[in-house]
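One file, data12.txt, carrying compact mmCIF, C-alpha atoms:
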```txt
# COMPACT_ATOMS: atom_id res chain seq x y z
CA MET A 171 -43.57 13.40 -30.69
CA THR A 172 -46.69 13.26 -32.81
CA ASN A 173 -49.93 11.87 -31.47
CA GLU A 174 -49.38 8.66 -33.48
CA GLN A 175 -46.02 8.07 -31.86
CA LEU A 176 -47.46 8.89 -28.43
CA LYS A 177 -50.23 6.39 -29.02
CA GLU A 178 -47.69 3.68 -29.87
CA PHE A 179 -45.67 4.62 -26.79
CA ILE A 180 -48.70 4.38 -24.50
CA LEU A 181 -49.84 1.05 -25.96
CA LYS A 182 -46.32 -0.32 -25.59
CA HIS A 183 -46.20 0.57 -21.88
CA ALA A 184 -49.82 -0.15 -21.01
CA GLY A 185 -51.30 -2.66 -23.41
CA ASP A 186 -54.74 -2.53 -21.81
CA ALA A 187 -55.17 1.21 -22.39
CA GLN A 188 -57.85 2.58 -24.71
CA VAL A 189 -56.57 5.45 -26.80
CA ALA A 190 -58.82 7.97 -28.49
CA GLU A 191 -58.26 11.38 -29.98
CA ASN A 192 -60.30 14.54 -29.99
CA GLN A 193 -59.62 17.84 -31.74
CA GLN A 194 -57.16 18.91 -29.11
CA PHE A 195 -55.72 16.01 -27.16
CA LEU A 196 -54.74 12.38 -27.32
CA ILE A 197 -56.79 10.71 -24.60
CA ALA A 198 -55.73 7.45 -23.02
CA THR A 199 -58.15 5.66 -20.68
CA VAL A 200 -56.01 3.52 -18.46
CA PRO A 201 -56.95 0.85 -15.90
CA ALA A 202 -56.08 1.87 -12.35
CA ALA A 203 -53.54 -0.96 -12.03
CA SER A 204 -51.30 0.30 -14.83
CA LEU A 205 -51.73 4.05 -14.32
CA HIS A 206 -48.75 4.59 -12.07
CA SER A 207 -46.25 2.67 -14.18
CA LEU A 208 -47.47 4.37 -17.37
CA ALA A 209 -47.24 7.82 -15.76
CA LYS A 210 -43.74 7.06 -14.55
CA SER A 211 -42.54 5.96 -17.96
CA LEU A 212 -44.23 8.94 -19.63
CA LYS A 213 -42.28 11.24 -17.38
CA GLU A 214 -38.96 9.48 -17.37
CA SER A 215 -38.52 8.31 -20.97
CA ALA A 216 -36.12 10.49 -22.91
CA GLU A 217 -38.44 10.77 -25.91
CA THR A 218 -41.58 11.81 -23.99
CA GLN A 219 -40.44 13.75 -20.89
CA PHE A 220 -43.87 14.72 -19.60
CA ASP A 221 -42.45 16.74 -16.74
CA TYR A 222 -45.45 19.02 -16.22
CA MET A 223 -48.85 17.88 -14.97
CA TYR A 224 -50.88 21.03 -15.38
CA SER A 225 -54.28 19.76 -14.36
CA LEU A 226 -55.67 16.98 -12.21
CA THR A 227 -59.44 16.85 -12.17
CA GLY A 228 -61.96 14.63 -10.48
CA VAL A 229 -65.01 13.55 -12.48
CA ASP A 230 -68.22 11.77 -11.62
CA MET A 231 -69.39 9.78 -14.67
CA GLN A 232 -72.08 7.93 -12.71
CA PRO A 233 -71.59 5.19 -11.74
CA ALA A 234 -67.85 5.49 -12.30
CA LEU A 235 -65.72 7.97 -10.41
CA GLY A 236 -62.50 9.02 -12.03
CA VAL A 237 -59.59 11.36 -12.41
CA VAL A 238 -58.33 13.14 -15.54
CA TYR A 239 -54.67 14.11 -15.83
CA HIS A 240 -53.43 16.68 -18.35
CA LEU A 241 -49.76 16.28 -19.08
CA GLU A 242 -47.35 18.43 -21.01
CA SER A 243 -43.65 18.30 -21.76
CA THR A 244 -41.91 21.62 -21.27
CA LYS A 245 -39.17 20.44 -23.62
CA PHE A 246 -41.16 19.01 -26.55
CA ARG A 247 -44.44 20.87 -25.91
CA HIS A 248 -46.58 17.85 -26.62
CA ASN A 249 -49.69 17.03 -24.60
CA VAL A 250 -51.50 13.92 -23.51
CA VAL A 251 -54.57 13.28 -21.39
CA LEU A 252 -54.83 10.29 -19.08
CA LYS A 253 -58.11 9.10 -17.64
CA VAL A 254 -58.60 6.56 -14.92
CA PHE A 255 -61.86 5.32 -13.46
CA THR A 256 -63.12 3.20 -10.61
CA GLU A 257 -66.58 1.69 -10.29
CA ASP A 258 -66.48 1.55 -6.52
CA ARG A 259 -68.47 4.48 -5.11
CA VAL A 260 -68.35 3.37 -1.48
CA ASN A 261 -64.60 3.13 -1.10
CA PRO A 262 -62.98 4.40 -4.30
CA VAL A 263 -59.22 4.02 -4.35
CA LEU A 264 -56.85 5.13 -7.13
CA PRO A 265 -53.05 5.31 -7.23
CA SER A 266 -51.42 8.61 -6.33
CA VAL A 267 -49.00 10.28 -8.74
CA THR A 268 -47.55 12.62 -6.11
CA ASP A 269 -44.21 10.80 -6.23
CA ILE A 270 -44.00 11.50 -9.98
CA TRP A 271 -45.34 15.07 -10.12
CA ARG A 272 -45.13 16.80 -6.75
CA GLY A 273 -47.75 19.31 -7.88
CA ALA A 274 -50.36 16.56 -7.71
CA GLU A 275 -50.29 16.52 -3.92
CA LEU A 276 -52.75 19.33 -3.20
CA GLN A 277 -54.84 18.61 -6.29
CA GLU A 278 -55.35 15.05 -5.11
CA CYS A 279 -56.37 16.42 -1.72
CA GLU A 280 -58.92 18.57 -3.55
CA VAL A 281 -60.30 15.58 -5.47
CA PHE A 282 -60.54 13.64 -2.23
CA ASP A 283 -62.32 16.61 -0.66
CA PHE A 284 -65.00 16.89 -3.31
CA PHE A 285 -65.31 13.35 -4.71
CA GLY A 286 -64.08 11.12 -1.92
CA ILE A 287 -61.54 9.31 -4.05
CA LYS A 288 -58.72 8.08 -1.86
CA PHE A 289 -55.25 8.09 -3.36
CA GLN A 290 -52.93 5.25 -2.50
CA ASN A 291 -49.45 6.25 -1.28
CA HIS A 292 -50.43 9.89 -0.94
CA PRO A 293 -48.28 11.53 1.77
CA ASP A 294 -51.01 13.63 3.40
CA MET A 295 -54.57 12.67 2.45
CA ARG A 296 -56.93 15.19 4.05
CA ARG A 297 -59.70 17.65 3.28
CA ILE A 298 -58.32 21.04 2.28
CA PHE A 299 -61.36 23.17 1.37
CA LEU A 300 -64.16 21.85 3.55
CA GLU A 301 -64.17 21.43 7.31
CA ASP A 302 -62.59 18.28 8.67
CA ASP A 303 -65.92 17.06 10.07
CA TRP A 304 -67.82 17.56 6.81
CA GLN A 305 -70.13 14.70 5.86
CA GLY A 306 -70.39 13.63 2.22
CA PHE A 307 -68.69 14.72 -0.98
CA PRO A 308 -70.44 17.73 -2.52
CA LEU A 309 -69.34 17.47 -6.16
CA ARG A 310 -70.66 13.94 -6.58
CA LYS A 311 -73.77 13.92 -8.72
CA ASP A 312 -75.80 12.03 -6.13
CA TYR A 313 -74.91 14.49 -3.36
CA LYS A 314 -78.01 15.68 -1.52
CA ASP A 315 -78.21 18.77 0.66
CA GLU A 316 -81.84 19.45 1.51
CA VAL A 317 -81.06 22.47 3.68
CA ASN A 318 -78.72 24.59 1.62
CA ILE A 319 -79.33 23.61 -1.97
CA VAL A 320 -82.69 24.62 -3.40
CA ASP A 321 -83.39 22.78 -6.63
CA LEU A 322 -84.77 25.54 -8.85
CA ILE A 323 -85.19 23.29 -11.90
CA LYS A 324 -87.55 20.87 -10.19
CA MET B 203 -78.37 48.37 14.27
CA GLY B 204 -79.84 50.89 11.89
CA VAL B 205 -79.24 54.61 11.93
CA GLU B 206 -81.73 56.43 9.74
CA HIS B 207 -80.26 57.62 6.49
CA LYS B 208 -79.58 61.32 6.63
CA GLU B 209 -77.34 63.51 4.55
CA TYR B 210 -75.97 66.72 6.01
CA GLU B 211 -75.41 69.74 3.84
CA THR B 212 -72.98 71.31 6.26
CA LEU B 213 -71.05 70.40 9.36
CA GLU B 214 -73.07 72.97 11.29
CA GLN B 215 -76.30 71.10 10.62
CA LEU B 216 -74.69 67.88 11.81
CA GLN B 217 -73.52 69.55 15.01
CA ALA B 218 -76.93 71.05 15.63
CA ASP B 219 -78.43 67.59 15.29
CA MET B 220 -75.90 66.13 17.67
CA GLN B 221 -76.49 68.78 20.31
CA VAL B 222 -80.22 68.10 20.31
CA LYS B 223 -79.54 64.38 20.69
CA GLY B 224 -76.81 64.67 23.28
CA ASN B 225 -77.66 63.40 26.73
CA GLY B 226 -74.44 63.85 28.66
CA GLY B 227 -74.51 67.56 29.46
CA PHE B 228 -72.24 70.24 28.08
CA PHE B 229 -68.86 68.80 29.06
CA LEU B 230 -69.51 65.24 27.90
CA THR B 231 -71.01 66.31 24.58
CA THR B 232 -68.05 68.58 23.93
CA VAL B 233 -65.58 65.78 24.65
CA ASP B 234 -67.77 63.41 22.66
CA SER B 235 -67.73 65.61 19.61
CA LEU B 236 -63.96 65.97 19.82
CA VAL B 237 -63.35 62.24 20.29
CA ASN B 238 -65.84 61.28 17.63
CA TRP B 239 -64.39 63.79 15.21
CA GLY B 240 -61.00 62.17 15.71
CA ARG B 241 -62.27 58.63 15.48
CA SER B 242 -64.48 59.12 12.47
CA ASN B 243 -61.69 60.73 10.49
CA SER B 244 -59.09 58.09 11.17
CA ILE B 245 -60.88 54.79 10.60
CA TRP B 246 -58.12 52.40 9.70
CA PRO B 247 -59.40 49.39 7.78
CA LEU B 248 -58.06 45.88 8.05
CA THR B 249 -56.58 44.37 4.92
CA PHE B 250 -59.23 41.73 4.41
CA ALA B 251 -60.77 40.82 1.08
CA THR B 252 -62.03 37.41 0.10
CA SER B 253 -63.15 38.02 -3.48
CA CYS B 254 -63.96 40.53 -6.22
CA CYS B 255 -65.33 43.20 -3.84
CA GLY B 256 -61.76 43.49 -2.63
CA ILE B 257 -60.77 44.78 -6.05
CA GLU B 258 -63.35 47.56 -5.77
CA MET B 259 -62.12 48.30 -2.27
CA MET B 260 -58.58 48.60 -3.62
CA ALA B 261 -59.86 50.81 -6.43
CA ALA B 262 -61.53 53.03 -3.84
CA ALA B 263 -58.22 53.32 -2.02
CA ALA B 264 -56.26 54.09 -5.18
CA ALA B 265 -55.58 57.50 -6.69
CA ARG B 266 -58.81 58.08 -8.61
CA HIS B 267 -61.25 57.66 -5.73
CA ASP B 268 -58.70 58.32 -3.00
CA LEU B 269 -59.94 56.92 0.30
CA ALA B 270 -57.24 59.03 1.97
CA ARG B 271 -59.62 62.00 1.81
CA PHE B 272 -61.52 60.36 4.68
CA GLY B 273 -58.47 59.41 6.68
CA MET B 274 -58.86 55.72 5.84
CA GLU B 275 -55.94 55.12 3.56
CA VAL B 276 -53.89 53.27 6.18
CA TYR B 277 -54.79 49.64 5.52
CA ARG B 278 -53.43 47.66 8.42
CA ALA B 279 -52.23 44.10 8.05
CA SER B 280 -52.75 43.43 11.75
CA PRO B 281 -56.23 43.36 13.30
CA ARG B 282 -54.82 44.88 16.48
CA GLN B 283 -54.14 48.15 14.67
CA ALA B 284 -57.37 48.27 12.67
CA ASP B 285 -60.65 50.01 13.52
CA VAL B 286 -62.92 48.67 10.82
CA ILE B 287 -63.09 45.33 9.06
CA VAL B 288 -64.54 45.61 5.57
CA VAL B 289 -65.89 42.17 4.74
CA ALA B 290 -65.33 42.40 1.01
CA GLY B 291 -66.42 39.11 -0.47
CA THR B 292 -67.91 35.69 -0.01
CA ILE B 293 -67.51 34.08 3.41
CA VAL B 294 -67.55 30.30 3.34
CA HIS B 295 -67.89 27.99 6.31
CA ARG B 296 -64.16 27.38 6.36
CA MET B 297 -63.46 31.13 6.49
CA ALA B 298 -65.99 31.99 9.20
CA PRO B 299 -63.86 30.98 12.21
CA VAL B 300 -60.95 32.98 10.80
CA LEU B 301 -63.16 36.04 10.35
CA LYS B 302 -64.55 35.71 13.87
CA ARG B 303 -61.04 35.44 15.25
CA LEU B 304 -59.88 38.52 13.34
CA TYR B 305 -62.88 40.43 14.69
CA ASP B 306 -62.12 39.30 18.23
CA GLN B 307 -58.51 40.40 17.87
CA MET B 308 -59.45 43.95 16.89
CA SER B 309 -59.42 46.45 19.73
CA GLU B 310 -62.42 48.58 20.71
CA PRO B 311 -63.95 50.62 19.23
CA LYS B 312 -64.38 48.37 16.23
CA TYR B 313 -66.75 48.47 13.30
CA VAL B 314 -67.82 46.06 10.59
CA VAL B 315 -68.82 46.97 7.06
CA ALA B 316 -70.47 44.26 4.96
CA MET B 317 -69.53 45.09 1.39
CA GLY B 318 -71.30 43.50 -1.53
CA ALA B 319 -74.12 41.01 -1.98
CA CYS B 320 -72.16 38.02 -0.67
CA ALA B 321 -71.34 39.64 2.65
CA VAL B 322 -74.83 41.12 2.99
CA SER B 323 -76.87 38.00 2.25
CA GLY B 324 -74.85 35.30 0.55
CA GLY B 325 -75.53 36.95 -2.80
CA PRO B 326 -75.63 34.74 -5.88
CA PHE B 327 -74.76 31.75 -3.70
CA TYR B 328 -77.92 32.10 -1.63
CA TYR B 329 -79.84 29.26 -3.29
CA ASN B 330 -77.41 26.67 -4.51
CA SER B 331 -74.40 26.47 -2.34
CA TYR B 332 -73.29 23.97 0.23
CA SER B 333 -70.42 26.10 1.50
CA VAL B 334 -71.35 29.79 1.63
CA ILE B 335 -72.56 31.64 4.73
CA ARG B 336 -75.75 33.58 4.01
CA GLY B 337 -74.68 36.96 5.24
CA VAL B 338 -71.72 37.84 7.39
CA ASP B 339 -74.08 39.05 10.16
CA ASN B 340 -74.47 35.39 11.06
CA VAL B 341 -70.87 35.52 12.27
CA ILE B 342 -70.12 39.06 13.46
CA PRO B 343 -72.31 42.15 14.07
CA VAL B 344 -72.46 44.51 11.10
CA ASP B 345 -72.64 48.33 11.25
CA VAL B 346 -73.07 49.27 7.59
CA TYR B 347 -74.34 47.21 4.67
CA ILE B 348 -73.24 48.19 1.18
CA PRO B 349 -75.24 46.35 -1.51
CA GLY B 350 -73.92 45.73 -5.00
CA CYS B 351 -72.18 42.97 -6.89
CA PRO B 352 -69.64 44.36 -6.46
CA PRO B 353 -70.47 47.91 -5.30
CA ARG B 354 -68.84 50.76 -7.19
CA PRO B 355 -66.12 52.63 -5.30
CA GLU B 356 -68.60 55.51 -4.97
CA ALA B 357 -70.99 53.20 -3.14
CA PHE B 358 -68.16 52.04 -0.94
CA LEU B 359 -67.23 55.65 -0.16
CA HIS B 360 -70.86 56.41 0.64
CA GLY B 361 -70.99 53.44 2.99
CA MET B 362 -67.86 54.60 4.76
CA MET B 363 -69.35 58.08 5.07
CA GLN B 364 -72.43 56.53 6.66
CA LEU B 365 -70.12 54.79 9.10
CA GLN B 366 -68.56 58.17 9.87
CA GLU B 367 -72.02 59.60 10.54
CA LYS B 368 -72.69 56.72 12.85
CA ILE B 369 -69.48 57.21 14.77
CA LYS B 370 -70.19 60.92 15.10
CA ARG B 371 -73.39 60.14 16.98
CA GLU B 372 -71.79 57.94 19.60
CA THR B 373 -71.66 59.22 23.14
CA MET B 374 -69.59 58.17 26.11
CA GLY B 375 -72.74 58.17 28.19
CA GLU B 376 -74.04 55.18 26.27
CA LYS B 377 -71.12 52.91 25.67
CA ARG B 378 -71.40 50.90 22.55
CA VAL B 379 -71.29 47.19 23.34
CA PRO B 380 -71.01 44.93 20.34
CA ILE B 381 -73.38 42.00 20.15
CA GLN B 382 -71.69 38.78 21.17
CA ILE B 383 -72.61 35.92 18.92
CA ILE B 384 -71.29 32.60 20.08
```
Write the structure described by the file as structure tokens, please.
Amino acid sequence: MTNEQLKEFILKHAGDAQVAENQQFLIATVPAASLHSLAKSLKESAETQFDYMYSLTGVDMQPALGVVYHLESTKFRHNVVLKVFTEDRVNPVLPSVTDIWRGAELQECEVFDFFGIKFQNHPDMRRIFLEDDWQGFPLRKDYKDEVNIVDLIK
Amino acid sequence: MGVEHKEYETLEQLQADMQVKGNGGFFLTTVDSLVNWGRSNSIWPLTFATSCCGIEMMAAAAARHDLARFGMEVYRASPRQADVIVVAGTIVHRMAPVLKRLYDQMSEPKYVVAMGACAVSGGPFYYNSYSVIRGVDNVIPVDVYIPGCPPRPEAFLHGMMQLQEKIKRETMGEKRVPIQII
């Protein structure tokens, strides 16, 4: 599928998505409510078949926290990028895509570990890199660590 | 735990030095030298590498640099069979309990070599890291420090030779008790 066709497909399945394009990828910013259904149809439709989620990344856009998904189809070799954001920094919740791509399970744990985004319907939401009693989320831009991090720029 | 840096031209010079330093009488020093000779030439390292220093350690063990010349080629996968743990790489807070446990599981006599800047002091992560331990000597006692980022295999070999020198100066009269850090 070309990017134009993918854009039509995404707008058909999630009408409230904003689709943009950069030099490499088609980027769809999707509201959290329609992310899961769009992801499911992107994977399961015969003409898209995005069966491979090769990257799941947490981002802090201040004030919004979000996740970026890079999808690829191993059959058609086309790519698409999904972005989803939440404004809530105290208790950010986004839908999990573990039931669609099993590989998302540990990557969502990682995002939870570093950004504190909780994923709904995730089978095993826990910290995987930091200790279980760790306070705070170190990759957030407003993370402060007076003891260990010396701000050399200041 | 520093031993002054000293290179020996010959084995005879080393032995002369040891005999002057010995404090256990003729029999004990003779047994000491035999035991230490055996120990220092069969230091089996534990297979433990947490980052890029491990690659240099592997290179030192491979054909070109050939760690087997010093009797150290037998990398053991079990801490119970190992004599030395080469901390080759960054130790983060999550790894520290594992490292301590591995050290505790090793049988006496046991030695620790801190290889590379990360294990010596935290290295490039010293200033801006929330997760890295600033020097492995905060977790377990270290015998030899090898600086470098990462050290060349030659530096690693030199560090291991320093460890050999250190072992050769041990005596049964003064039993080596490792520092317990809780």
Counting only C-alpha atoms, which residues of chain B fall within 7 Å of chain A, and what is the closest atom pair for each with its distance in Å at one decimal, ordered by chain and rising number, as JSON lines?
```
{"residue": "B:Arg296", "atom": "CA", "partner": "A:Glu301", "partner_atom": "CA", "distance": 6.0}
{"residue": "B:Tyr329", "atom": "CA", "partner": "A:Val320", "partner_atom": "CA", "distance": 5.4}
{"residue": "B:Asn330", "atom": "CA", "partner": "A:Ile319", "partner_atom": "CA", "distance": 4.4}
{"residue": "B:Ser331", "atom": "CA", "partner": "A:Ile319", "partner_atom": "CA", "distance": 5.7}
{"residue": "B:Tyr332", "atom": "CA", "partner": "A:Asn318", "partner_atom": "CA", "distance": 5.6}
```
Contacts of Ser323 in chain B at 10 Å (all atoms listed in the file; same-chain gap of 5+ positions) as number ranges by chain: B: 292, 316, 318, 328, 334-340, 347, 349
Neighbour residues at most 10 Å from (-73.3, 47.4, 4.5) (only C-alpha atoms) as a list in words: Val288, Val289, Val314, Val315, Ala316, Met317, Gly318, Ala319, Ala321, Val322, Val344, Asp345, Val346, Tyr347, Ile348, Pro349, Gly350, Ala357, Phe358, Gly361, Met362, Gln364 and Leu365 of chain B
Shortest interatomic distance to Gln194 in chain A - which of A:Lys288, A:His248, A:Arg272, A:Arg296, counting only C-alpha atoms: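 For Gln194 in chain A, the nearest of the given residues is A:His248.
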Residues within 12 Å of Arg271 in chain B, only C-alpha atoms, excluding chain neighbours under 2 positions, as JSON, numbers by chain: {"B": [243, 244, 245, 262, 263, 264, 265, 266, 267, 268, 269, 273, 274, 275, 276, 359, 362, 363]}
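Using only C-alpha atoms for every distance, the candidate list A:Gln188, A:Ser266, A:Thr244, A:Thr256 yields A:Thr256 as the residue closest to Val229 in chain A.
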Pick from B:Val294, B:Asp285, B:Ile369, B:Arg241, whichever lies nearest to Ser253 in chain B using all atoms listed in the file: B:Val294
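The coordinates place CA of Val238 in chain A at 18.1 Å from CA of Leu181 in chain A.
Note that CA of Ala209 in chain A and CA of His292 in chain A are 15.3 Å apart.
Near Phe220 in chain A, within 7 Å and counting only C-alpha atoms, sit Leu212, Lys213, Leu241, Glu242 and Ser243 of chain A; same-chain residues fewer than 6 positions away were not included.
The interatomic distance for the pair CA of Gln366 in chain B and CA of Ser280 in chain B works out to 21.7 Å.
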Nearest to Ala202 in chain A by atom-to-atom distance, counting all atoms listed in the file, from A:Glu275, A:Glu178, A:Asp303, A:Asp186: A:Asp186
Non-local contacts of Pro201 in chain A (9 Å; only C-alpha atoms; under 6 positions in same chain excluded) as number ranges by chain: A: 184, 186-187, 253-256
Residue neighbourhood Val267 in chain A, 9 Å, only C-alpha atoms, exclusion window fewer than 3 positions, as a PyMOL selection string: chain A and resi 205-206+209-210+270-272+274-275+278+289-292
Using all atoms listed in the file: which of B:Ile342, B:Val300, B:Ala290, B:Cys320 has the shortest distance to Gly256 in chain B: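 For Gly256 in chain B, the nearest of the given residues is B:Ala290.
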Neighbour residues at most 6 Å from (-50.9, 16.3, -25.5) (only C-alpha atoms) as a ChimeraX atom specification: /A:195-196,248-250
